[in-house]
Structures are given as C-alpha cells and as structure tokens.
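Okay, structure first, notes after.
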Amino acid sequence: MTILVTGSRGKVGQGVIARLHAAGLPVRAASAAPAELTVPDGVATAELRLDAPATFDAALDGVRQVFLYPEPSGIDAFVKSALAANVEHVVLLSSSTVVAPGAETDPLAAHSLLVERALAASDLTCTFLRPDAFASNALGWAHPVSQGLPVELAYPEASLAPIHPDDIADIAAATFTDGLLRGRAATLTGAQALTLREQLAILAEATGRDITVVEITHAEAEEQMARYMPAPVAASLLALQKAASEGPAAIADTTGTLLGRPARTFRQWAAENAAAFTGR
Ligand SMILES: NC(=O)c1ccc[n+]([C@@H]2O[C@H](COP(=O)([O-])OP(=O)(O)OC[C@H]3O[C@@H](n4cnc5c(N)ncnc54)[C@H](OP(=O)(O)O)[C@@H]3O)[C@@H](O)[C@H]2O)c1
C-alpha cells in the first residue's frame, strides 16, 4: 500500500523517502518539481502542487498513507481527494507554533494550524508532528559566514532547542513503520537549548572560521528579512526570536523519549554541513 511523500525536495521529505524505501515500503515521491528530484532506485515520482487541486487525484491513486507538508490554500480539496482515494492516515509536518498564544492570527502559525484543523475535522486518521526550529535554519547564515561578513541579529540571545531534520525524518518514518504517535500530536525539539549566539559559536568551531555577531535593531532586522520573505512572515519570525530571548527554550527531547536514543546535536549538524559555510 503506497505511501505518498509530499515536499520531496525538502530536507525532511528526502529523509522520510529514504527511510521508508530502506524499510521495504512502497513510496511515491511527490514534488512540485519532480524532474528535479533525486530518489533511490525503485521509488516512483509524481507531480503534486499542494495549492493546485488538479494535481491531487493522479498523485493519490492507490495511496493509503501520506506524509504531508502544510499548505492551507488547497487543504480542503486535498482532504476530499484523499478520502475519495481511500487514504487512511496522514502524517502532517506541522509546527510547534500552532500551540503558541495568538496562533490563529500569526501568519506562520496559522499556515500549519489551518491545515491541522481541516485534517482533524475529516475522517482521516491524523498524526501531527510539531517541530520547533530546525537546526538547518542556520543555513540562513551561510552567505555572511562564507564571505567573512558579520552575522547581524536583533536577538542574539534568543534561545531555541534546534532539532536535526534527520531526527524529524526518523520520527516521521516511525509513524509509518511502527505506528509511533499514530493519531496523536507531539512537539519535537532537540535536546539542548542554545542561543543564536551559541549556535554561531558552534558553527565557528565546526568551520574553523571566526564569526562575528553584530547586534542590530528590530526595525533593521525586519527591513533586511523582508527582502527575502513576505513582510508579515519576517515580523512573525522576529516576534518569535524576541519571545525566545526571555529565557531558555523548553525541551521536549522527543527523539530520546520516542526513539529511545539521544537526539542528534546541533554540533553534529554543524559538522555535517560545514561545507555550506566555507564554500568548500
Ligand atoms: N524551518 C523550521 O524551523 C520549521 C519549524 C517548524 C515547522 N516547519 C515546517 O516544515 C516545513 C518545511 O520546512 P523548511 O522551510 O525548513 O523547508 P524544507 O524542508 O527544505 O522544504 C521546503 C519545501 O519547499 C519545496 N521547495 C520549493 N523549492 C525548493 C527548492 N529549490 N529546493 C528544495 N525544496 C524546495 C519543496 O517541496 P516540493 O518538492 O514539493 O517542491 C520542499 O519540500 C514548512 O512547512 C514549515 O512550516 C519548519
């Protein structure tokens, strides 16, 4: 019974495909750009744009379970197509922000919350994985670090418990292979609270580069970030960082409790991805 993995070019989607295929399960890798996919031999691909319902039926044909990236604009049509195709179980890559105060009006949180609500109101069995910040968000610093430029931050003391994308993929794959968390929701974090400044210090060690942190104002950061993302999303991300400066991040340590082994550390992620910061 085929498992459809959406977001197949994404870091988590790629990890889920590799794990399910290695476990001998039939996987179909769906992407907005299937021609750009690199998938293991034997994995079928499909075009699926989560905001384009015309692409749903063909991708869902013969599918019983789905690993879903959140996209609220097409979710009602997706649920309808999934039920028509006899899909039973959907595992959503949601976000810890859905349980934060004000989630309904926050653009980042609402993106995932609307999808959770549409799924929860349906007859599908739903598993909601709610990760906190991904360790891979540090890739946003790759350009200044590789160019020897300072990293400019409004909230360098913002504390997060970054989770390695491979730990999310391990937990997601286990929801399909072992029934882990099936039908439930869980917040996923790494095992260690680190400020942004501490993450950069670890990156400096992993890359052998000096990394200077320059503190800028909230308004300066908002203006910079709005060059790369919609202004409301930039405002939302900065508000998260501001709130995270109040104290150490809460640790859910889900990898330890769910999988019975230590979470991958940010130091490990930095070592694995050092080349992205050095251009080597
Ligand atoms: N980053 C975080 O800290 C965080 C925290 C909590 C929740 N989340 C949730 O996790 C999801 C993805 O996280 P992410 O933003 O870090 O991204 P990601 O895992 O890299 O995934 C990005 C997705 O965008 C699509 N995409 C479009 N152009 C792409 C390109 N050139 N290369 C790779 N992928 C491309 C891909 O889907 P196609 O293959 O279908 O095109 C891919 O699945 C989001 O829904 C987010 O809400 C993220």
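Each chain in the structure tokens gets a letter, A, B, ..., in the order shown, and its residues are numbered from 1; ligands are numbered from 1 in order too.
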
Inset, instruction - Return as a VMD selection string every polymer residue, whether protein, DNA or RNA, with at least one atom no more than 9 Å from an atom of ligand 1; count only C-alpha atoms and all ligand atoms. - result: chain A and resid 6 to 14 29 to 34 36 to 37 47 to 50 68 to 71 93 to 97 108 to 109 111 to 112 129 to 137 162 to 163 165 188

Can those selected residues be exported to a file as a PDB file, in the first residue's frame so that it contains C-alpha atoms?
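Okay, again01.pdb is ready:
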```pdb
ATOM      1  CA  THR A   6       4.984  15.361  -0.332  1.00  0.00           C
ATOM      2  CA  GLY A   7       7.670  18.043  -0.188  1.00  0.00           C
ATOM      3  CA  SER A   8      10.110  15.543  -1.658  1.00  0.00           C
ATOM      4  CA  ARG A   9      12.788  18.149  -2.357  1.00  0.00           C
ATOM      5  CA  GLY A  10      12.661  19.257   1.280  1.00  0.00           C
ATOM      6  CA  LYS A  11      15.163  18.160   3.899  1.00  0.00           C
ATOM      7  CA  VAL A  12      12.602  16.212   5.892  1.00  0.00           C
ATOM      8  CA  GLY A  13      10.774  14.838   2.858  1.00  0.00           C
ATOM      9  CA  GLN A  14      14.006  13.425   1.407  1.00  0.00           C
ATOM     10  CA  ALA A  29       7.807  10.849  -4.021  1.00  0.00           C
ATOM     11  CA  ALA A  30       5.616  13.846  -4.826  1.00  0.00           C
ATOM     12  CA  SER A  31       7.003  17.244  -5.617  1.00  0.00           C
ATOM     13  CA  ALA A  32       6.092  20.479  -7.317  1.00  0.00           C
ATOM     14  CA  ALA A  33       9.184  19.828  -9.436  1.00  0.00           C
ATOM     15  CA  PRO A  34       9.513  16.048  -9.904  1.00  0.00           C
ATOM     16  CA  GLU A  36      14.498  17.951 -10.023  1.00  0.00           C
ATOM     17  CA  LEU A  37      14.154  15.004  -7.633  1.00  0.00           C
ATOM     18  CA  GLU A  47       3.879  15.876  -9.715  1.00  0.00           C
ATOM     19  CA  LEU A  48       1.905  17.362  -6.826  1.00  0.00           C
ATOM     20  CA  ARG A  49       1.428  21.029  -6.089  1.00  0.00           C
ATOM     21  CA  LEU A  50      -0.354  21.391  -2.777  1.00  0.00           C
ATOM     22  CA  LEU A  68       2.109  15.976   4.132  1.00  0.00           C
ATOM     23  CA  TYR A  69       3.736  19.401   4.066  1.00  0.00           C
ATOM     24  CA  PRO A  70       1.263  22.089   5.174  1.00  0.00           C
ATOM     25  CA  GLU A  71      -0.399  24.264   2.526  1.00  0.00           C
ATOM     26  CA  LEU A  93       4.772  18.177   9.163  1.00  0.00           C
ATOM     27  CA  SER A  94       3.184  20.863  11.313  1.00  0.00           C
ATOM     28  CA  SER A  95       4.881  23.328  13.659  1.00  0.00           C
ATOM     29  CA  SER A  96       5.254  23.948  17.397  1.00  0.00           C
ATOM     30  CA  THR A  97       3.918  27.451  16.734  1.00  0.00           C
ATOM     31  CA  LEU A 108       3.476  31.427  10.325  1.00  0.00           C
ATOM     32  CA  ALA A 109       1.445  29.540  12.918  1.00  0.00           C
ATOM     33  CA  HIS A 111      -0.311  28.311   7.976  1.00  0.00           C
ATOM     34  CA  SER A 112       0.011  24.991   9.824  1.00  0.00           C
ATOM     35  CA  LEU A 129       4.380  16.351  14.116  1.00  0.00           C
ATOM     36  CA  ARG A 130       5.041  19.808  15.541  1.00  0.00           C
ATOM     37  CA  PRO A 131       8.757  20.568  15.295  1.00  0.00           C
ATOM     38  CA  ASP A 132      10.369  23.590  16.873  1.00  0.00           C
ATOM     39  CA  ALA A 133      13.169  25.349  14.958  1.00  0.00           C
ATOM     40  CA  PHE A 134      15.110  23.161  12.523  1.00  0.00           C
ATOM     41  CA  ALA A 135      18.907  23.070  13.004  1.00  0.00           C
ATOM     42  CA  SER A 136      19.069  23.653   9.251  1.00  0.00           C
ATOM     43  CA  ASN A 137      17.698  27.183   9.675  1.00  0.00           C
ATOM     44  CA  PRO A 162      17.043  23.185  17.375  1.00  0.00           C
ATOM     45  CA  ILE A 163      16.130  19.771  16.050  1.00  0.00           C
ATOM     46  CA  PRO A 165      16.000  17.352  10.302  1.00  0.00           C
ATOM     47  CA  LEU A 188       9.505  17.880  18.565  1.00  0.00           C
TER      48      LEU A 188
END
```

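With only C-alpha atoms taken into account, the protein and nucleic acid residues at most 6 Å from Pro72 in chain A (excluding it and anything under 3 positions from it in its own chain) are Ile75, Leu114 and Val115 of chain A.
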
Legend entry - Who sits within 12 Å of His218 in chain A, only C-alpha atoms, same chain under 5 positions skipped, as a PyMOL selection string: chain A and resi 152-156+223-225+234-242

Selected residues, N, CA and C atoms, written as a CSV table (one decimal), in the first residue's frame, please.
```csv
chain,number,residue,atom,x,y,z
A,152,GLU,N,24.4,39.6,11.4
A,152,GLU,CA,23.6,40.7,12.0
A,152,GLU,C,22.3,40.1,12.6
A,153,LEU,N,22.2,40.3,13.9
A,153,LEU,CA,21.0,39.7,14.6
A,153,LEU,C,20.4,40.8,15.5
A,154,ALA,N,19.0,40.8,15.5
A,154,ALA,CA,18.4,41.6,16.5
A,154,ALA,C,18.3,41.0,17.9
A,155,TYR,N,18.2,39.6,17.9
A,155,TYR,CA,18.0,38.9,19.2
A,155,TYR,C,19.0,37.8,19.3
A,156,PRO,N,20.3,38.1,19.5
A,156,PRO,CA,21.3,37.0,19.5
A,156,PRO,C,21.2,36.1,20.7
A,223,GLU,N,13.5,45.0,8.2
A,223,GLU,CA,13.7,45.5,6.9
A,223,GLU,C,14.6,44.5,6.0
A,224,GLN,N,15.7,44.0,6.7
A,224,GLN,CA,16.6,43.1,6.0
A,224,GLN,C,15.8,41.8,5.6
A,225,MET,N,15.1,41.2,6.5
A,225,MET,CA,14.4,39.9,6.3
A,225,MET,C,13.3,40.1,5.3
A,234,ALA,N,8.3,37.8,8.1
A,234,ALA,CA,9.5,38.4,8.7
A,234,ALA,C,9.2,38.9,10.1
A,235,ALA,N,8.0,39.6,10.2
A,235,ALA,CA,7.6,40.2,11.5
A,235,ALA,C,7.3,39.0,12.5
A,236,SER,N,6.7,38.0,12.0
A,236,SER,CA,6.4,36.8,12.8
A,236,SER,C,7.6,36.1,13.3
A,237,LEU,N,8.6,35.9,12.5
A,237,LEU,CA,9.9,35.3,12.9
A,237,LEU,C,10.6,36.1,13.9
A,238,LEU,N,10.6,37.4,13.7
A,238,LEU,CA,11.3,38.3,14.7
A,238,LEU,C,10.6,38.3,16.0
A,239,ALA,N,9.2,38.3,16.0
A,239,ALA,CA,8.5,38.2,17.2
A,239,ALA,C,8.8,36.9,18.0
A,240,LEU,N,9.0,35.8,17.2
A,240,LEU,CA,9.3,34.5,17.9
A,240,LEU,C,10.7,34.7,18.6
A,241,GLN,N,11.7,35.3,17.8
A,241,GLN,CA,13.0,35.5,18.4
A,241,GLN,C,13.0,36.4,19.7
A,242,LYS,N,12.1,37.4,19.6
A,242,LYS,CA,12.0,38.3,20.7
A,242,LYS,C,11.5,37.5,21.9
```

Inset, instruction - Name the residues of range 15-239 of chain A that come out as strand (DSSP E) in a backbone DSSP run; write them as a PyMOL selection string. - result: chain A and resi 27-31+44-47+63-68+89-93+125-131+151-153+159-160+185-188+194-195+213-215

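The two atoms in question, CA of Ala186 in chain A and CA of Ala77 in chain A, are spaced 25.5 Å apart.
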
Legend entry - Near-range 192-197 of chain A list (12 Å; only C-alpha atoms; drop same-chain fewer than 3 positions) as a PyMOL selection string: chain A and resi 132-133+135+137-138+140-141+151-164+189+200-204+211-215+241-242+244-256+262-267

Expected file contents, prior selection, C-alpha atoms, as an mmCIF file, in the first residue's frame:
```
data_model
loop_
_atom_site.group_PDB
_atom_site.id
_atom_site.type_symbol
_atom_site.label_atom_id
_atom_site.label_comp_id
_atom_site.auth_asym_id
_atom_site.auth_seq_id
_atom_site.Cartn_x
_atom_site.Cartn_y
_atom_site.Cartn_z
ATOM 1 C CA ASP A 132 10.369 23.590 16.873
ATOM 2 C CA ALA A 133 13.169 25.349 14.958
ATOM 3 C CA ALA A 135 18.907 23.070 13.004
ATOM 4 C CA ASN A 137 17.698 27.183 9.675
ATOM 5 C CA ALA A 138 21.362 28.022 10.362
ATOM 6 C CA GLY A 140 20.479 31.300 6.524
ATOM 7 C CA TRP A 141 23.883 32.363 7.889
ATOM 8 C CA VAL A 151 26.127 37.923 11.160
ATOM 9 C CA GLU A 152 23.622 40.655 12.003
ATOM 10 C CA LEU A 153 20.999 39.719 14.574
ATOM 11 C CA ALA A 154 18.351 41.641 16.502
ATOM 12 C CA TYR A 155 18.031 38.937 19.171
ATOM 13 C CA PRO A 156 21.338 37.031 19.513
ATOM 14 C CA GLU A 157 20.276 35.739 22.943
ATOM 15 C CA ALA A 158 17.106 34.122 21.564
ATOM 16 C CA SER A 159 17.115 30.575 22.930
ATOM 17 C CA LEU A 160 15.957 27.641 20.782
ATOM 18 C CA ALA A 161 16.217 23.870 21.033
ATOM 19 C CA PRO A 162 17.043 23.185 17.375
ATOM 20 C CA ILE A 163 16.130 19.771 16.050
ATOM 21 C CA HIS A 164 18.176 17.972 13.412
ATOM 22 C CA THR A 189 12.645 19.648 19.777
ATOM 23 C CA LEU A 200 27.155 30.586 15.841
ATOM 24 C CA ALA A 201 29.998 29.767 18.252
ATOM 25 C CA ILE A 202 29.481 26.056 17.483
ATOM 26 C CA LEU A 203 29.447 26.855 13.756
ATOM 27 C CA ALA A 204 32.695 28.802 14.164
ATOM 28 C CA ILE A 211 32.219 34.527 13.118
ATOM 29 C CA THR A 212 31.390 37.999 14.378
ATOM 30 C CA VAL A 213 27.914 38.763 15.677
ATOM 31 C CA VAL A 214 26.675 42.337 15.244
ATOM 32 C CA GLU A 215 23.549 43.387 17.092
ATOM 33 C CA GLN A 241 13.003 35.472 18.409
ATOM 34 C CA LYS A 242 12.032 38.299 20.740
ATOM 35 C CA ALA A 244 12.644 33.361 22.805
ATOM 36 C CA SER A 245 15.004 35.910 24.384
ATOM 37 C CA GLU A 246 13.021 35.719 27.632
ATOM 38 C CA GLY A 247 14.708 32.542 28.803
ATOM 39 C CA PRO A 248 15.966 29.090 27.884
ATOM 40 C CA ALA A 249 13.916 27.181 25.309
ATOM 41 C CA ALA A 250 11.619 24.427 26.535
ATOM 42 C CA ILE A 251 12.978 20.983 25.742
ATOM 43 C CA ALA A 252 10.619 18.233 24.619
ATOM 44 C CA ASP A 253 13.519 15.870 23.800
ATOM 45 C CA THR A 254 11.135 13.825 21.703
ATOM 46 C CA THR A 255 13.867 11.863 19.971
ATOM 47 C CA GLY A 256 15.039 10.465 23.308
ATOM 48 C CA PRO A 262 19.882 10.569 22.116
ATOM 49 C CA ALA A 263 18.870 13.335 19.740
ATOM 50 C CA ARG A 264 21.412 14.402 17.133
ATOM 51 C CA THR A 265 23.094 17.575 18.390
ATOM 52 C CA PHE A 266 23.447 20.966 16.728
ATOM 53 C CA ARG A 267 27.213 20.332 16.842
#
```

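Neighbouring residues of Thr175 in chain A at 12 Å or closer, counting only C-alpha atoms and skipping chain neighbours under 6 positions away, are Ile3, Val16, Arg19, Leu20, Gln65, Val66, Phe67, His89, Val90, Val91, Leu92, Leu93, Thr125, Cys126, Thr127, Phe128, Leu129, Ile168, Ala169, Leu181, Arg182, Gly183, Arg184, Ala185, Ala186, Leu258 and Leu259 of chain A.
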
Inset, instruction - Please provide as a count of residues only all residues within 12 Å of Val87 in chain A, with the sequence filter that same-chain residues fewer than 2 positions apart are discarded (counting only C-alpha atoms). - result: 30

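For the residues A:Ala58, A:Asp51, A:Ala271, A:Ala18, ranking by smallest atom-to-atom distance to Thr38 in chain A using only C-alpha atoms places A:Ala18 first.
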
Quick check for you: according to DSSP on this backbone, which residues of range 74-120 of chain A are classed as alpha helix (DSSP H)? Reply as an mmCIF file with C-alpha atoms, in the first residue's frame.
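The result, written out as part.cif:
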```
data_model
loop_
_atom_site.group_PDB
_atom_site.id
_atom_site.type_symbol
_atom_site.label_atom_id
_atom_site.label_comp_id
_atom_site.auth_asym_id
_atom_site.auth_seq_id
_atom_site.Cartn_x
_atom_site.Cartn_y
_atom_site.Cartn_z
ATOM 1 C CA ILE A 75 -6.200 21.574 2.045
ATOM 2 C CA ASP A 76 -9.994 21.170 1.752
ATOM 3 C CA ALA A 77 -9.640 19.842 -1.787
ATOM 4 C CA PHE A 78 -6.740 17.636 -0.660
ATOM 5 C CA VAL A 79 -8.843 16.064 2.098
ATOM 6 C CA LYS A 80 -11.651 15.427 -0.379
ATOM 7 C CA SER A 81 -9.311 13.778 -2.899
ATOM 8 C CA ALA A 82 -7.593 11.755 -0.156
ATOM 9 C CA LEU A 83 -10.899 10.362 1.121
ATOM 10 C CA ALA A 84 -12.044 9.582 -2.418
ATOM 11 C CA PRO A 107 0.856 34.111 9.673
ATOM 12 C CA LEU A 108 3.476 31.427 10.325
ATOM 13 C CA ALA A 109 1.445 29.540 12.918
ATOM 14 C CA ALA A 110 -1.861 29.925 11.071
ATOM 15 C CA HIS A 111 -0.311 28.311 7.976
ATOM 16 C CA SER A 112 0.011 24.991 9.824
ATOM 17 C CA LEU A 113 -2.957 25.463 12.158
ATOM 18 C CA LEU A 114 -5.465 25.770 9.301
ATOM 19 C CA VAL A 115 -4.176 22.518 7.842
ATOM 20 C CA GLU A 116 -4.330 20.731 11.216
ATOM 21 C CA ARG A 117 -7.927 21.865 11.672
ATOM 22 C CA ALA A 118 -9.058 20.742 8.224
ATOM 23 C CA LEU A 119 -7.466 17.328 8.764
ATOM 24 C CA ALA A 120 -8.828 16.970 12.298
#
```

Extract, using only C-alpha atoms, all DNA, RNA and protein residues at most 6 Å from range 275-280 of chain A, discarding same-chain residues fewer than 6 positions from it, and format them as a short mmCIF file (atom, residue, chain, number, x, y, z; two decimals) with N, CA and C atoms, in the first residue's frame.
```cif
data_model
loop_
_atom_site.label_atom_id
_atom_site.label_comp_id
_atom_site.auth_asym_id
_atom_site.auth_seq_id
_atom_site.Cartn_x
_atom_site.Cartn_y
_atom_site.Cartn_z
N ALA A 142 24.76 31.05 6.02
CA ALA A 142 25.85 30.53 5.17
C ALA A 142 26.49 31.64 4.35
N VAL A 145 28.75 34.04 6.59
CA VAL A 145 29.89 33.31 7.15
C VAL A 145 30.89 32.95 6.04
N SER A 146 30.38 32.48 4.89
CA SER A 146 31.30 32.08 3.82
C SER A 146 32.02 33.28 3.22
#
```

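Nearest-residue note for His21 in chain A: choosing from A:Glu272, A:Asp210, A:Glu88, A:Asp41, the minimum distance belongs to A:Asp41, counting only C-alpha atoms.
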
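Here CA of Asp166 in chain A is placed at a distance of 28.9 Å from CA of Ala226 in chain A.
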